[in-house]
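This report concerns only the one structure given below.
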Amino acid sequence: MAKVKCAWFDFASCEGCQIELTNYGEPFVELLQHIEIVEFREVMTEKTEAPIDVAFIEGSFTRESDRAKLERIRDRAAVVVAYGSCATCGGINALKNHTDDYKQEVYGADADKPHLDSTKALPISAAIKVDYEVKGCPMDKDEFLGIVQQLVHGTAKVYVPSYPVCVECKRRGTVCRFDEGDYCLGPIAQAGCGAPCPADGIPCEACRGMVQDANQKSMEKVLMENGKLPERWAKQKTRMFTANFREDA
Amino acid sequence: MKRCYISDEHLNGFVEALMGRGPVIAPVAKQSRFVFEKLETVDDLMLDYDTTILPPKVAFFPTKQELVTFDGKEAKSCINPTDQVLFGVHPYDIKGIAMSDKFYTDSHVDENYMANRRATTIVGSSVQKHYKHAFFGSVCMEVEVIGHDMFLTRVAGGYVADVLTDKGEALLGLGQFGDATDAQAGEADQVNQAAMENCPEKLENTSAQIRDKMRSSFRSDVWEELSEDCFSCGSCNTVCPTCYCFDVQDEWGLDGVSATRCRTWDSCLTAEFSEVSVQGGCENFREQRAERFRHRFMRKAAYLNEQLGGPACVGCGRCSGACTADIANPVVVINKIMEQ
């Protein structure tokens, strides 16, 4: 069987998901028996203009000028996989979406340089058709490998849960952050990661996005009442990774 | 029933002897809470725990369980029980285990569950501290505490050990047990009675009254109101000792040939639980969160009563504590429905 030609591309992101992928070790090496990497800036210098079987796209869509680049990738790729928080929900870049002074804040005197121009940070699906999404900051290893496995071998569709992170915390017997006097976005956060952060004593920040029909009103209330966050913080908390899911987005 | 006594100074020796025979799953501290886990040292044993995050059924029915592995040619069963002791189970949780046993054997004997269950010897223990939401003294009173092999009740200077089965009898040789005096036996009965009476929360009606009222409240607007803050996060289900639904998924190896079939505890409060495939599309037969919220109470307080001889709720209070929105408490919800 011919190897599946795969290429990696990145847009507005820290490229951490690519690093994460190369950190997978053995499963990544096993994967190389089934795929051929034709472009991957993080690990090789070669590039390609030829048709690709699977294009993996990291980063958010935040410059209109990137639309043409994305469309070109879409045109020559049979399958497009967006991976990581930035590519699937705008990620942490979307923190800027509700502000208009972020450039001055971040770049100071350089704020007016043209290459720093950007618009709202949006998922890749806002520009082109995306066939699969692998969520998370960084993306989840098992989910990524599962989806690639499915693309390579054509086996049954990989199941990704649609419920909140609380389910996964409970299943692993993690002490609830709220029981420890902390806050957490677990009740509205998309699961699938296995809830590693609360298990390590860190609140969930919903890096995989919000669940469908997330009860945002109730979340604000719980953040204030149980999490003891002041009202202003409770109302802003979901801008971190899920700005594009907010009712005011 | 044989009633024995073991003093405080001999308890650790008994537990260590059990640990020498095989795994002992018991309550241990985890930050501000407790969990049932394999004892690494007897010092970790916390018999004065209030309640655990997950119910003790995790000892024989893990939240994720492998059922079958497949290597491309042959499927192999993952049933591989280890003889173990589940130690320090509170009476309400013993009821919960007996209910699970029933669910997994009534119409079909689930060997993935039962093989582990049969290999487990259960040593119960009296409630020394109440969980803040416990109400086991006013619910499920018609269901007996049965299915365990030995029961330890905290009394002055030690524990009264009630021996209930041959499996329990077999444990006696591992510790310095003597016969309980009449005074010790009497004290044990009093301790267990007091634990029932001192629950911090209380239902005001009998199971039959609640069952009938639940059924007649099916179309009430109150469900909408009560579930307004619900996250559909399934926490109330996942911590419940009587919930028994699971979801089966196949996980493929990278070679595209090998696979493992696993089951995971499922939760009817989540939206995807009630999603079904219909003519290539997807339908949800309990689309609204109020419907799912209501369904849990109907199951617990009405639907399962006939099968179990009482409600499918043992009053542990775990769901009340696990619900971050503080809307799942059965005492609050049921008392409110009863007032309607």
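Residue numbers start at 1 in each chain; chains themselves are named A, B, ... in the order of the structure tokens; ligands are numbered from 1 in the order shown.
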Check your understanding: So which residues touch segment 268-278 of chain B within 6 Å, counting only C-alpha atoms, skipping near sequence neighbours fewer than 2 positions away, as a ChimeraX atom specification?
Key -> /A:163 /B:232-234,280-286,292
Exercise for review: For chain B, report every residue with an atom at most 9 Å from chain A (counting only C-alpha atoms), formatted as a count of residues only.
Suggested key: 43
Check your understanding: Val333 of chain B: which residues within 10 Å, counting only C-alpha atoms, same-chain residues fewer than 5 positions away excluded, as a PyMOL selection string?
Key -> chain B and resi 203+222-223+226+297+327-328+338
Review point. Contacts of segment 128-135 of chain A at 7 Å or less, counting only C-alpha atoms, minus same-chain residues fewer than 5 places along, as a list in words?
Key: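 Neighbouring residues, sequence-local ones excluded: Leu70, Glu71, Arg74, Val79, Val80, Val81, Ala82, Tyr83, Gly84, Ser85, Thr88, Asp140, Glu143, Phe144 and Arg208 of chain A.
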Practice item. Could you give me, as a list in words, the residues within 7 Å of Asp179 of chain B, counting only C-alpha atoms and dropping anything in the same chain fewer than 5 positions from it? Key: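 Counting only C-alpha atoms, the residues come to Arg3, Cys4 and Tyr5 of chain B.
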Review point. Excluding same-chain residues fewer than 5 positions from Glu46 of chain A, what lies within 12 Å of it counting only C-alpha atoms, as an MDAnalysis selection string?
Key: chainID A and resid 7:8 37:41
Dump of N, CA and C atoms for the selected residues, as a PDB file, in the first residue's frame:
```pdb
ATOM      1  N   ALA A   7       1.208  16.691   4.724  1.00  0.00           N
ATOM      2  CA  ALA A   7       1.949  17.947   4.834  1.00  0.00           C
ATOM      3  C   ALA A   7       1.407  18.751   6.019  1.00  0.00           C
ATOM      4  N   TRP A   8       2.325  19.465   6.655  1.00  0.00           N
ATOM      5  CA  TRP A   8       1.949  20.279   7.820  1.00  0.00           C
ATOM      6  C   TRP A   8       2.086  21.759   7.492  1.00  0.00           C
ATOM      7  N   ILE A  37       5.937  12.111   4.917  1.00  0.00           N
ATOM      8  CA  ILE A  37       5.864  13.538   5.195  1.00  0.00           C
ATOM      9  C   ILE A  37       6.456  14.288   4.005  1.00  0.00           C
ATOM     10  N   VAL A  38       5.641  15.111   3.354  1.00  0.00           N
ATOM     11  CA  VAL A  38       6.126  15.828   2.174  1.00  0.00           C
ATOM     12  C   VAL A  38       6.430  17.297   2.470  1.00  0.00           C
ATOM     13  N   GLU A  39       5.893  17.819   3.563  1.00  0.00           N
ATOM     14  CA  GLU A  39       6.232  19.185   3.985  1.00  0.00           C
ATOM     15  C   GLU A  39       5.948  19.303   5.478  1.00  0.00           C
ATOM     16  N   PHE A  40       6.925  19.800   6.219  1.00  0.00           N
ATOM     17  CA  PHE A  40       6.765  19.929   7.662  1.00  0.00           C
ATOM     18  C   PHE A  40       7.917  20.814   8.138  1.00  0.00           C
ATOM     19  N   ARG A  41       7.646  22.113   8.194  1.00  0.00           N
ATOM     20  CA  ARG A  41       8.678  23.111   8.450  1.00  0.00           C
ATOM     21  C   ARG A  41       9.464  22.839   9.743  1.00  0.00           C
TER      22      ARG A  41
END
```
Practice item. Write out as a PyMOL selection string each polymer residue whose atoms come within 12 Å of Leu122 of chain A, counting only C-alpha atoms; drop sequence neighbours fewer than 2 positions from it. Key: chain A and resi 11-13+59-64+66-67+85-97+118-120+124-128+241-245+249
Exercise for review: Report the distance between atom CA of Cys137 of chain A and atom CA of Lys237 of chain A in Å, rounded to one decimal place.
Suggested key: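 A separation of 16.7 Å between them.
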Point to revise | d(atom CA of Glu187 of chain B, atom CA of Ile25 of chain B) in Å | key: 27.2 Å
Point to revise | Distance in Å - atom CA of Glu224 of chain B versus atom CA of Cys140 of chain B | key: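 Those two atoms sit 26.5 Å apart.
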